[in-house]
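Q: My structure is stored as entry.txt, with compact mmCIF, C-alpha atoms.
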# COMPACT_ATOMS: atom_id res chain seq x y z
CA MET A 15 25.22 -14.11 5.72
CA LYS A 16 23.64 -10.91 6.89
CA ARG A 17 21.07 -8.68 5.18
CA TYR A 18 23.85 -6.60 3.62
CA ASP A 19 25.31 -9.70 1.90
CA VAL A 20 21.85 -10.67 0.63
CA LEU A 21 21.25 -7.19 -0.77
CA LYS A 22 24.62 -7.25 -2.56
CA GLU A 23 23.63 -10.49 -4.29
CA ILE A 24 20.23 -9.10 -5.27
CA VAL A 25 21.79 -5.90 -6.64
CA LYS A 26 24.10 -7.97 -8.89
CA THR A 27 21.05 -9.32 -10.72
CA LEU A 28 19.21 -6.01 -11.16
CA LYS A 29 18.57 -4.70 -14.67
CA ASP A 30 15.49 -2.53 -15.11
CA GLU A 31 13.42 -3.94 -12.26
CA LEU A 32 11.52 -1.50 -10.08
CA VAL A 33 12.43 -2.05 -6.43
CA ILE A 34 10.34 -1.20 -3.37
CA CYS A 35 12.52 -1.51 -0.27
CA ASN A 36 11.62 -1.81 3.40
CA LEU A 37 12.39 1.13 5.68
CA GLY A 38 15.34 1.56 8.03
CA PHE A 39 18.58 -0.34 7.52
CA PRO A 40 17.36 -2.36 4.52
CA SER A 41 16.84 0.85 2.49
CA ARG A 42 19.99 2.47 3.88
CA GLU A 43 22.11 -0.55 2.99
CA LEU A 44 20.57 -0.82 -0.47
CA TYR A 45 21.22 2.88 -1.07
CA TYR A 46 24.89 2.58 -0.19
CA ILE A 47 25.41 -0.66 -2.14
CA LYS A 48 24.00 0.87 -5.29
CA ASP A 49 21.60 3.76 -5.52
CA ARG A 50 19.24 3.68 -8.52
CA GLU A 51 16.39 5.89 -9.63
CA LYS A 52 14.32 2.73 -9.90
CA ASN A 53 14.65 2.13 -6.14
CA PHE A 54 11.82 3.41 -3.95
CA TYR A 55 13.16 3.76 -0.42
CA MET A 56 10.57 3.64 2.33
CA LEU A 57 11.18 6.09 5.17
CA GLY A 58 8.10 5.37 7.26
CA SER A 59 4.99 3.20 7.42
CA MET A 60 6.58 -0.04 8.54
CA GLY A 61 4.75 -3.05 7.19
CA LEU A 62 3.48 -1.55 3.96
CA THR A 63 6.40 -2.51 1.66
CA SER A 64 4.60 -5.45 0.07
CA SER A 65 1.38 -3.43 -0.29
CA ILE A 66 3.15 -0.62 -2.15
CA ALA A 67 4.81 -3.22 -4.37
CA LEU A 68 1.44 -4.83 -5.13
CA GLY A 69 -0.08 -1.48 -6.13
CA LEU A 70 2.91 -0.79 -8.37
CA ALA A 71 2.76 -4.29 -9.89
CA ILE A 72 -0.85 -3.98 -10.99
CA SER A 73 -0.37 -0.47 -12.36
CA GLN A 74 2.78 -1.42 -14.27
CA PRO A 75 2.06 -4.95 -15.51
CA LYS A 76 4.81 -4.93 -18.14
CA ARG A 77 7.60 -4.23 -15.68
CA ASN A 78 9.16 -6.57 -13.17
CA ILE A 79 8.76 -5.46 -9.57
CA TYR A 80 11.01 -6.58 -6.73
CA CYS A 81 9.78 -6.05 -3.21
CA ILE A 82 12.56 -6.28 -0.62
CA ASP A 83 10.94 -6.83 2.74
CA GLY A 84 11.82 -8.21 6.16
CA ASP A 85 10.31 -10.63 8.64
CA GLY A 86 9.28 -7.94 11.12
CA SER A 87 7.59 -5.92 8.41
CA ILE A 88 5.74 -8.92 6.94
CA LEU A 89 4.55 -9.90 10.42
CA MET A 90 3.11 -6.42 10.80
CA ASN A 91 0.97 -6.77 7.66
CA LEU A 92 0.22 -10.48 7.24
CA GLY A 93 -3.07 -9.69 5.50
CA SER A 94 -1.01 -8.34 2.61
CA LEU A 95 0.17 -11.87 1.78
CA SER A 96 -3.41 -13.02 1.23
CA THR A 97 -4.25 -9.95 -0.85
CA ILE A 98 -1.16 -10.41 -3.05
CA ALA A 99 -1.74 -14.15 -3.49
CA ASN A 100 -5.37 -13.57 -4.46
CA ILE A 101 -4.56 -10.80 -6.93
CA ASN A 102 -1.73 -13.04 -8.19
CA PRO A 103 0.12 -10.36 -10.19
CA VAL A 104 2.18 -11.47 -13.19
CA ASN A 105 5.25 -9.47 -12.28
CA LEU A 106 5.90 -9.36 -8.55
CA THR A 107 8.75 -11.03 -6.69
CA LEU A 108 8.39 -10.66 -2.95
CA ILE A 109 11.79 -11.20 -1.36
CA VAL A 110 11.70 -11.52 2.41
CA ILE A 111 15.06 -11.28 4.10
CA ASP A 112 14.29 -13.16 7.31
CA ASN A 113 16.96 -12.38 9.87
CA GLU A 114 14.61 -13.25 12.72
CA ALA A 115 15.03 -9.78 14.19
CA TYR A 116 13.77 -6.20 14.22
CA GLY A 117 17.05 -5.07 12.70
CA SER A 118 16.64 -1.32 12.66
CA THR A 119 15.66 -1.04 16.32
CA GLY A 120 18.41 -3.07 17.95
CA ASN A 121 17.97 -6.63 16.63
CA GLN A 122 15.29 -7.72 19.06
CA LYS A 123 14.03 -11.19 18.12
CA THR A 124 10.88 -11.64 16.01
CA HIS A 125 8.60 -14.69 16.15
CA THR A 126 10.39 -16.23 13.15
CA SER A 127 13.30 -16.90 15.52
CA ASP A 128 11.05 -19.39 17.28
CA ARG A 129 7.92 -21.13 15.97
CA THR A 130 6.74 -18.97 13.07
CA ASN A 131 7.52 -20.00 9.49
CA LEU A 132 6.80 -17.29 6.90
CA ALA A 133 7.09 -19.69 3.94
CA LEU A 134 4.26 -21.77 5.39
CA ILE A 135 2.21 -18.64 6.04
CA ALA A 136 2.76 -17.62 2.40
CA LYS A 137 1.56 -21.06 1.32
CA GLY A 138 -1.53 -20.73 3.46
CA ALA A 139 -2.14 -17.25 2.06
CA GLY A 140 -2.28 -18.77 -1.41
CA PHE A 141 1.16 -18.25 -2.97
CA GLU A 142 2.05 -21.02 -5.42
CA SER A 143 5.68 -20.15 -6.13
CA ILE A 144 7.58 -20.29 -2.84
CA THR A 145 11.34 -20.66 -2.51
CA VAL A 146 13.41 -20.82 0.66
CA ILE A 147 17.07 -19.90 0.30
CA LEU A 148 19.69 -20.69 2.93
CA ASP A 149 22.90 -20.19 0.95
CA LYS A 150 24.20 -16.98 -0.54
CA GLU A 151 25.20 -18.80 -3.74
CA ASP A 152 21.59 -19.63 -4.52
CA ILE A 153 20.25 -16.06 -4.55
CA LYS A 154 21.55 -15.00 -7.96
CA ALA A 155 20.58 -18.28 -9.62
CA GLN A 156 17.05 -18.10 -8.24
CA LEU A 157 16.46 -14.50 -9.34
CA LYS A 158 17.96 -15.11 -12.79
CA ASN A 159 16.14 -18.36 -13.51
CA GLN A 160 12.72 -17.89 -11.99
CA GLU A 161 9.62 -17.55 -14.15
CA PRO A 162 7.89 -14.17 -14.08
CA GLY A 163 4.78 -14.27 -11.93
CA CYS A 164 3.87 -13.96 -8.29
CA ASN A 165 6.93 -15.29 -6.49
CA PHE A 166 7.63 -15.51 -2.77
CA ILE A 167 11.29 -15.92 -1.86
CA LEU A 168 12.33 -16.32 1.76
CA ILE A 169 16.03 -15.80 2.40
CA LYS A 170 17.19 -16.81 5.85
CA ALA A 171 19.90 -14.51 7.20
CA ASN A 172 21.67 -13.61 10.41
CA PRO A 173 20.82 -10.38 12.20
CA GLY A 174 23.09 -7.36 12.01
CA ASN A 175 23.37 -4.06 10.18
CA ALA A 176 26.14 -2.56 8.08
CA LYS A 177 27.61 0.75 9.21
CA VAL A 178 25.79 3.00 6.77
CA ASP A 179 24.44 6.49 7.14
CA ILE A 180 20.85 7.60 6.61
CA ILE A 181 19.72 8.26 3.04
CA PRO A 182 20.45 11.87 2.02
CA LEU A 183 17.42 12.18 -0.27
CA ASP A 184 14.20 13.86 0.67
CA PRO A 185 10.97 11.88 0.27
CA GLU A 186 9.65 13.93 -2.64
CA LYS A 187 12.91 13.47 -4.51
CA ILE A 188 12.72 9.70 -4.00
CA LYS A 189 9.17 9.71 -5.34
CA LYS A 190 9.78 12.06 -8.24
CA ARG A 191 12.83 10.34 -9.69
CA PHE A 192 11.23 6.91 -9.19
CA MET A 193 8.16 7.97 -11.18
CA GLU A 194 10.25 9.70 -13.83
CA SER A 195 12.44 6.62 -14.24
CA MET A 196 9.40 4.82 -15.62
CA ASN A 197 9.07 7.36 -18.42
CA LYS A 198 12.66 6.86 -19.49
CA GLY A 199 13.91 3.87 -21.44
CA HIS A 200 12.14 1.33 -23.53
CA ARG A 201 9.09 -0.29 -22.00
CA ASN A 202 6.07 1.86 -21.39
CA MET B 12 -32.80 9.07 -7.64
CA ASN B 13 -30.51 6.19 -6.83
CA VAL B 14 -27.88 7.75 -4.58
CA ASP B 15 -25.46 4.83 -4.86
CA LEU B 16 -25.59 4.98 -8.65
CA LYS B 17 -25.00 8.73 -8.55
CA ILE B 18 -21.94 8.33 -6.30
CA TYR B 19 -20.68 5.54 -8.52
CA GLU B 20 -21.02 7.64 -11.68
CA THR B 21 -19.22 10.51 -9.95
CA ILE B 22 -16.34 8.27 -8.87
CA LYS B 23 -16.03 7.14 -12.48
CA ASP B 24 -16.35 10.67 -13.87
CA VAL B 25 -13.53 12.05 -11.72
CA GLY B 26 -11.22 9.40 -13.14
CA ILE B 27 -10.79 6.96 -10.26
CA ASN B 28 -9.69 3.69 -11.88
CA LEU B 29 -8.78 1.53 -8.90
CA LEU B 30 -10.82 1.04 -5.74
CA LEU B 31 -9.39 -0.50 -2.59
CA ILE B 32 -12.39 -1.67 -0.64
CA LEU B 33 -13.25 -2.72 2.90
CA PRO B 34 -17.01 -2.96 3.31
CA ASP B 35 -19.30 -1.11 5.66
CA ASN B 36 -23.03 -1.35 6.14
CA MET B 37 -23.59 2.22 4.95
CA ILE B 38 -21.79 1.68 1.66
CA GLN B 39 -23.06 -1.80 0.85
CA GLY B 40 -25.38 -0.45 -1.85
CA LEU B 41 -22.50 1.44 -3.45
CA ILE B 42 -20.29 -1.66 -3.35
CA LYS B 43 -23.09 -3.62 -5.01
CA VAL B 44 -23.26 -1.09 -7.85
CA ILE B 45 -19.47 -1.18 -8.23
CA ASN B 46 -19.59 -4.98 -8.48
CA GLU B 47 -22.51 -5.06 -10.89
CA LYS B 48 -21.06 -2.45 -13.23
CA ASN B 49 -17.66 -4.12 -13.08
CA GLU B 50 -16.00 -1.22 -14.91
CA ILE B 51 -13.57 0.02 -12.25
CA ARG B 52 -10.85 -2.31 -11.05
CA LYS B 53 -11.33 -3.20 -7.40
CA ILE B 54 -9.35 -5.00 -4.75
CA THR B 55 -10.67 -6.24 -1.44
CA ILE B 56 -8.19 -5.27 1.25
CA THR B 57 -7.70 -6.76 4.71
CA ARG B 58 -7.07 -3.50 6.56
CA GLU B 59 -7.34 0.14 5.54
CA GLU B 60 -3.66 0.80 6.17
CA GLU B 61 -2.83 -1.95 3.68
CA GLY B 62 -5.10 -0.25 1.16
CA MET B 63 -3.18 3.00 1.55
CA GLY B 64 0.03 1.15 0.74
CA ILE B 65 -1.51 -0.42 -2.37
CA ALA B 66 -2.95 2.95 -3.39
CA ALA B 67 0.44 4.64 -2.97
CA GLY B 68 2.13 2.00 -5.14
CA ALA B 69 -0.57 2.26 -7.78
CA TYR B 70 -0.19 6.05 -7.83
CA LEU B 71 3.57 5.68 -8.34
CA GLY B 72 2.73 3.45 -11.30
CA GLY B 73 0.53 6.13 -12.85
CA ILE B 74 -3.07 5.28 -11.99
CA LYS B 75 -5.72 7.00 -9.86
CA PRO B 76 -6.76 4.94 -6.86
CA ALA B 77 -9.20 5.62 -4.05
CA LEU B 78 -10.09 3.81 -0.84
CA LEU B 79 -13.63 2.92 0.07
CA MET B 80 -13.77 2.37 3.81
CA GLN B 81 -15.47 3.16 7.09
CA ASN B 82 -14.22 5.85 9.45
CA SER B 83 -13.03 3.28 12.00
CA GLY B 84 -10.35 2.48 9.41
CA LEU B 85 -9.09 6.02 9.74
CA GLY B 86 -7.93 5.05 13.21
CA ASN B 87 -6.10 2.06 11.74
CA SER B 88 -4.30 4.23 9.23
CA ILE B 89 -3.01 7.38 10.89
CA ASN B 90 0.63 6.33 10.54
CA ALA B 91 0.23 5.42 6.85
CA ILE B 92 -1.46 8.75 6.15
CA LYS B 93 1.31 10.68 7.90
CA SER B 94 4.46 8.73 7.04
CA LEU B 95 3.54 7.54 3.56
CA LEU B 96 0.84 9.64 1.86
CA GLN B 97 1.74 12.98 3.39
CA LEU B 98 5.49 12.39 3.73
CA TYR B 99 5.91 11.64 0.01
CA LYS B 100 3.05 13.93 -1.10
CA ILE B 101 1.01 11.14 -2.64
CA PRO B 102 -2.55 12.25 -3.43
CA ILE B 103 -5.05 9.50 -2.62
CA LEU B 104 -8.80 9.94 -2.11
CA LEU B 105 -10.13 8.28 1.04
CA ILE B 106 -13.88 7.78 0.73
CA MET B 107 -15.20 6.92 4.16
CA SER B 108 -18.64 6.33 5.61
CA HIS B 109 -19.18 8.13 8.91
CA ARG B 110 -20.33 5.54 11.42
CA GLY B 111 -21.11 6.82 14.87
CA GLY B 112 -22.47 10.02 13.41
CA GLU B 113 -26.02 11.28 13.08
CA GLY B 114 -28.60 8.46 13.18
CA GLU B 115 -26.22 5.75 14.43
CA LYS B 116 -27.95 2.86 16.16
CA ILE B 117 -24.90 0.90 17.28
CA MET B 118 -23.50 2.58 20.35
CA ALA B 119 -20.07 1.03 19.92
CA GLN B 120 -19.54 3.09 16.76
CA ASN B 121 -19.91 6.37 18.63
CA GLN B 122 -16.42 6.48 20.13
CA MET B 123 -14.69 6.70 16.75
CA GLY B 124 -17.62 8.52 15.20
CA GLN B 125 -17.42 11.43 17.60
CA VAL B 126 -13.72 12.06 17.05
CA THR B 127 -13.60 11.51 13.29
CA PHE B 128 -13.52 15.19 12.31
CA ASN B 129 -11.13 16.05 15.14
CA LEU B 130 -8.81 13.31 13.95
CA LEU B 131 -8.94 14.49 10.33
CA GLU B 132 -8.14 18.04 11.44
CA CYS B 133 -5.43 16.90 13.83
CA ILE B 134 -3.58 14.99 11.09
CA ASN B 135 -4.16 17.86 8.65
CA LEU B 136 -6.08 15.75 6.17
CA LYS B 137 -8.41 17.94 4.11
CA TYR B 138 -11.96 16.58 4.10
CA PHE B 139 -15.15 17.18 2.18
CA ILE B 140 -18.54 16.26 3.60
CA VAL B 141 -21.09 14.56 1.37
CA ASN B 142 -24.42 14.60 3.19
CA SER B 143 -26.90 15.25 0.37
CA VAL B 144 -27.25 14.54 -3.33
CA LYS B 145 -26.18 18.11 -4.05
CA THR B 146 -22.93 17.72 -2.10
CA ILE B 147 -21.86 14.71 -4.19
CA GLU B 148 -20.26 17.53 -6.21
CA ASN B 149 -17.61 17.56 -3.47
CA PHE B 150 -15.95 14.54 -5.09
CA LYS B 151 -14.90 16.90 -7.87
CA ASN B 152 -13.74 19.55 -5.39
CA ALA B 153 -11.67 16.93 -3.58
CA MET B 154 -10.00 15.82 -6.80
CA ILE B 155 -9.19 19.43 -7.73
CA PHE B 156 -7.73 20.03 -4.27
CA MET B 157 -5.62 16.88 -4.55
CA GLN B 158 -4.31 17.77 -7.98
CA ASP B 159 -3.52 21.37 -7.07
CA ASN B 160 -1.76 20.50 -3.81
CA SER B 161 -0.33 16.99 -4.31
CA LYS B 162 -2.10 16.06 -1.10
CA SER B 163 -4.46 13.30 -0.10
CA ALA B 164 -8.02 14.14 0.91
CA ALA B 165 -11.04 12.47 2.47
CA ILE B 166 -14.68 12.33 1.49
CA VAL B 167 -16.91 11.77 4.52
CA LEU B 168 -20.24 10.17 3.61
CA GLU B 169 -23.02 10.99 6.06
CA ARG B 170 -26.10 8.84 6.61
CA SER B 171 -28.41 11.70 5.63
CA LEU B 172 -27.20 11.25 2.05
CA TRP B 173 -29.24 8.08 1.73
CA ARG B 174 -32.25 9.44 3.62
CA GLU B 175 -32.84 12.41 1.41
CA ILE B 176 -36.08 12.34 -0.53
CA THR B 177 -35.46 13.55 -4.05
Go through the file and emit its structure as structure tokens.

A:
Amino acid sequence: MKRYDVLKEIVKTLKDELVICNLGFPSRELYYIKDREKNFYMLGSMGLTSSIALGLAISQPKRNIYCIDGDGSILMNLGSLSTIANINPVNLTLIVIDNEAYGSTGNQKTHTSDRTNLALIAKGAGFESITVILDKEDIKAQLKNQEPGCNFILIKANPGNAKVDIIPLDPEKIKKRFMESMNKGHRN
Amino acid sequence: MNVDLKIYETIKDVGINLLLILPDNMIQGLIKVINEKNEIRKITITREEEGMGIAAGAYLGGIKPALLMQNSGLGNSINAIKSLLQLYKIPILLIMSHRGGEGEKIMAQNQMGQVTFNLLECINLKYFIVNSVKTIENFKNAMIFMQDNSKSAAIVLERSLWREIT
């Protein structure tokens, strides 16, 4: 399975979760699978996906936050794992799609293609709930059945990008509708 | 007058309710007050750029965060300031001590210290200097600027602030 297949499985489980998505092809693919106001698409600042998700999680403790990140991005901000694990938010699921490559720049290999294991790094950082998924069939079950809390899910995937265009939304629009989506609906 | 207490009260008064903190020698007294009062939520960050990400997320979720950092962290964070805070128009207050400025004893701080204002101007980040008890008022001016313009801003804390005899 490739990132696109993983994202399709994740999208099937989404209800009113707030999603922070890594920049480049991950956000572009997510947008074209199913755009939602509750998706925040990153357009810059590689590495900060999990940090943005942590800030959102602590400011919105009654909502479930999904962070969709990648191996290259996590490697760029490893300190974030220790900050998240120590804050231990009650509502953050950090999903790392590990395709062992810098996907948006031409699929150059990352260190996870060789000796580096992000699940072990997450354990060392202090995460208690760590799941490694190898099969597409397990993604939905994991997301549906997991306890709310501070969850680290590593999904191993193959490199490769879907043929999708760039996102036709300007940054302020992405921000505005994301923030407004929290004022709509039930939980506040 | 206790300068650290005065800064602390001002941070509280302007409505900051989350502090992302990386320590510096110059602000250790302020951090001590923040810890002792234990009224404002605080998170120790591992790198300033990370703190800007957390602050951006917290802002999206409806709270008012600020970073407490040293100016060397400005160098670590240029990309986050440009392609996150400024790109999405996310107003975050960056409170930074100015190492390598007036009265610096550690020569190694001078390289970043000397270019701090040039850097802030170059990346078009509005800054307010706090170098005396009177100029602590600039925290309020920074918050007004941020609210009116949906832009981030910096507070630059100078060493003279703590030397002033009041």

Q: Tell me which protein, DNA and RNA residues are within 6 Å of B:Ile56, counting only C-alpha atoms, leaving out same-chain ones fewer than 2 positions away, and put them as a list in words.

A: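 Once the nearby chain positions are removed, what remains is Ile32, Leu33, Arg58 and Gly62 of chain B.
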
Q: Identify, on the basis of only C-alpha atoms, every residue whose closest approach to A:Pro185 does not exceed 9 Å; exclude the query and any residue fewer than 5 positions from it along the same chain; express the result as an MDAnalysis selection string.

A: (chainID A and resid 55:57 190) or (chainID B and resid 98:100)

Q: Excluding A:Gln156 and its own-chain neighbours fewer than 6 positions away, which residues fall within 12 Å of it when counting all atoms listed in the file? Please give them as a short mmCIF file (atom, residue, chain, number, x, y, z; two decimals) with C-alpha atoms, in the coordinates of the input.

A:
data_model
loop_
_atom_site.label_atom_id
_atom_site.label_comp_id
_atom_site.auth_asym_id
_atom_site.auth_seq_id
_atom_site.Cartn_x
_atom_site.Cartn_y
_atom_site.Cartn_z
CA GLU A 23 23.63 -10.49 -4.29
CA ILE A 24 20.23 -9.10 -5.27
CA THR A 27 21.05 -9.32 -10.72
CA THR A 107 8.75 -11.03 -6.69
CA ILE A 109 11.79 -11.20 -1.36
CA SER A 143 5.68 -20.15 -6.13
CA ILE A 144 7.58 -20.29 -2.84
CA THR A 145 11.34 -20.66 -2.51
CA VAL A 146 13.41 -20.82 0.66
CA ILE A 147 17.07 -19.90 0.30
CA LEU A 148 19.69 -20.69 2.93
CA ASP A 149 22.90 -20.19 0.95
CA LYS A 150 24.20 -16.98 -0.54
CA PRO A 162 7.89 -14.17 -14.08
CA ASN A 165 6.93 -15.29 -6.49
CA PHE A 166 7.63 -15.51 -2.77
CA ILE A 167 11.29 -15.92 -1.86
CA LEU A 168 12.33 -16.32 1.76
CA ILE A 169 16.03 -15.80 2.40
#

Q: Just checking: using only C-alpha atoms, which residue out of A:Cys164, A:Val25, A:Leu108, A:Ala67 ends up closest to chain B?

A: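 Among the listed residues, the smallest separation from chain B belongs to A:Ala67.
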
Q: Using only C-alpha atoms, which residues of chain A come within 7 Å of chain B, and what is the closest atom pair for each, with the distance in Å to one decimal? Give it as a tab-separated table, sorted by chain and residue number.

A:
residue	atom	partner	partner_atom	distance
A:Gly58	CA	B:Ser94	CA	5.0
A:Ser59	CA	B:Ala91	CA	5.3
A:Leu62	CA	B:Gly64	CA	5.4
A:Ser65	CA	B:Ile65	CA	4.7
A:Ile66	CA	B:Gly68	CA	4.1
A:Ala67	CA	B:Gly68	CA	5.9
A:Leu68	CA	B:Ile65	CA	6.0
A:Gly69	CA	B:Ala69	CA	4.1
A:Leu70	CA	B:Gly68	CA	4.3
A:Ser73	CA	B:Gly72	CA	5.1
A:Gln74	CA	B:Gly72	CA	5.7
A:Gly93	CA	B:Thr57	CA	5.5
A:Ser94	CA	B:Glu61	CA	6.7
A:Thr97	CA	B:Ile56	CA	6.5
A:Pro185	CA	B:Tyr99	CA	5.1
A:Glu186	CA	B:Tyr99	CA	5.1
A:Lys189	CA	B:Tyr99	CA	6.6
A:Met193	CA	B:Leu71	CA	5.9

Q: Using C-alpha atoms, can you write the selected residues to a file as an mmCIF file, keeping the file's coordinate frame?

A:
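As a result, selection04.cif now contains:
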data_model
loop_
_atom_site.group_PDB
_atom_site.id
_atom_site.type_symbol
_atom_site.label_atom_id
_atom_site.label_comp_id
_atom_site.auth_asym_id
_atom_site.auth_seq_id
_atom_site.Cartn_x
_atom_site.Cartn_y
_atom_site.Cartn_z
ATOM 1 C CA GLY A 58 8.100 5.370 7.260
ATOM 2 C CA SER A 59 4.990 3.200 7.420
ATOM 3 C CA LEU A 62 3.480 -1.550 3.960
ATOM 4 C CA SER A 65 1.380 -3.430 -0.290
ATOM 5 C CA ILE A 66 3.150 -0.620 -2.150
ATOM 6 C CA ALA A 67 4.810 -3.220 -4.370
ATOM 7 C CA LEU A 68 1.440 -4.830 -5.130
ATOM 8 C CA GLY A 69 -0.080 -1.480 -6.130
ATOM 9 C CA LEU A 70 2.910 -0.790 -8.370
ATOM 10 C CA SER A 73 -0.370 -0.470 -12.360
ATOM 11 C CA GLN A 74 2.780 -1.420 -14.270
ATOM 12 C CA GLY A 93 -3.070 -9.690 5.500
ATOM 13 C CA SER A 94 -1.010 -8.340 2.610
ATOM 14 C CA THR A 97 -4.250 -9.950 -0.850
ATOM 15 C CA PRO A 185 10.970 11.880 0.270
ATOM 16 C CA GLU A 186 9.650 13.930 -2.640
ATOM 17 C CA LYS A 189 9.170 9.710 -5.340
ATOM 18 C CA MET A 193 8.160 7.970 -11.180
#

Q: Considering all atoms listed in the file, return as a PyMOL selection string whatever protein or nucleic-acid residues lie within 9 Å of stretch 76-84 of chain A, sequence-local ones (same chain, fewer than 6 positions apart) excluded.

A: chain A and resi 21+30-37+40-41+61+63-64+66-68+70+104-117+162-163+201-202

Q: Enter the distance from atom CA of B:Met118 to atom CA of B:Leu131, in Å, rounded to one decimal.

A: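 Interatomic distance, atom CA of B:Met118 to atom CA of B:Leu131: 21.3 Å.
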
Q: Find the residues near B:Gly114: any atom within 9 Å, counting all atoms listed in the file, skip ones fewer than 3 places away on the same chain, and give them as a list in words.

A: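 Neighbouring residues, sequence-local ones excluded: Arg110, Gly111, Arg170 and Ser171 of chain B.
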
Q: Atom CA of B:Leu41 to atom CA of B:Gln122: how many Å, to one decimal?

A: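 Between atom CA of B:Leu41 and atom CA of B:Gln122 the gap is 24.9 Å.
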
Q: How many Å lie between atom CA of B:Ile38 and atom CA of B:Asp15, rounded to one decimal?

A: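 Value for the atom CA of B:Ile38-atom CA of B:Asp15 distance: 8.1 Å.
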
Q: Which of these residues is nearest to A:Thr126, using only C-alpha atoms: A:Ile88, A:Ala139, A:Leu157, A:Ala99?

A: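 The closest residue to A:Thr126 is A:Ile88.
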
Q: Given the point (21.7, -8.2, 3.9) in the file's coordinates, find the residues that have an atom at most 8 Å from it, counting only C-alpha atoms, and give them as an MDAnalysis selection string.

A: chainID A and resid 15:22 40 43 111 171 175

Q: Pick from B:Leu104, B:Leu136, B:Met157, B:Ile42: nearest to B:Ala77, with all atoms listed in the file counted?

A: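 Of B:Leu104, B:Leu136, B:Met157, B:Ile42, the one nearest B:Ala77, counting all atoms listed in the file, is B:Leu104.
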
Q: Could you complete stretch 32-44 of chain A so that it carries N, CA and C atoms, and give it back as a tab-separated table (two decimals), in the coordinates of the input?

A:
chain	number	residue	atom	x	y	z
A	32	LEU	N	11.89	-2.53	-11.05
A	32	LEU	CA	11.52	-1.50	-10.08
A	32	LEU	C	11.57	-2.15	-8.70
A	33	VAL	N	12.23	-1.46	-7.76
A	33	VAL	CA	12.43	-2.05	-6.43
A	33	VAL	C	11.72	-1.20	-5.37
A	34	ILE	N	10.91	-1.85	-4.56
A	34	ILE	CA	10.34	-1.20	-3.37
A	34	ILE	C	11.06	-1.81	-2.18
A	35	CYS	N	11.69	-0.96	-1.36
A	35	CYS	CA	12.52	-1.51	-0.27
A	35	CYS	C	12.02	-1.06	1.10
A	36	ASN	N	12.02	-2.00	2.00
A	36	ASN	CA	11.62	-1.81	3.40
A	36	ASN	C	12.41	-0.68	4.07
A	37	LEU	N	11.78	-0.04	5.03
A	37	LEU	CA	12.39	1.13	5.68
A	37	LEU	C	13.53	0.75	6.64
A	38	GLY	N	14.27	1.76	7.05
A	38	GLY	CA	15.34	1.56	8.03
A	38	GLY	C	16.61	1.03	7.36
A	39	PHE	N	17.31	0.15	8.05
A	39	PHE	CA	18.58	-0.34	7.52
A	39	PHE	C	18.49	-1.03	6.17
A	40	PRO	N	17.42	-1.77	5.86
A	40	PRO	CA	17.36	-2.36	4.52
A	40	PRO	C	17.51	-1.31	3.42
A	41	SER	N	16.74	-0.21	3.50
A	41	SER	CA	16.84	0.85	2.49
A	41	SER	C	18.20	1.54	2.54
A	42	ARG	N	18.68	1.79	3.75
A	42	ARG	CA	19.99	2.47	3.88
A	42	ARG	C	21.09	1.63	3.28
A	43	GLU	N	21.08	0.33	3.55
A	43	GLU	CA	22.11	-0.55	2.99
A	43	GLU	C	22.00	-0.62	1.47
A	44	LEU	N	20.76	-0.75	0.99
A	44	LEU	CA	20.57	-0.82	-0.47
A	44	LEU	C	21.08	0.46	-1.13
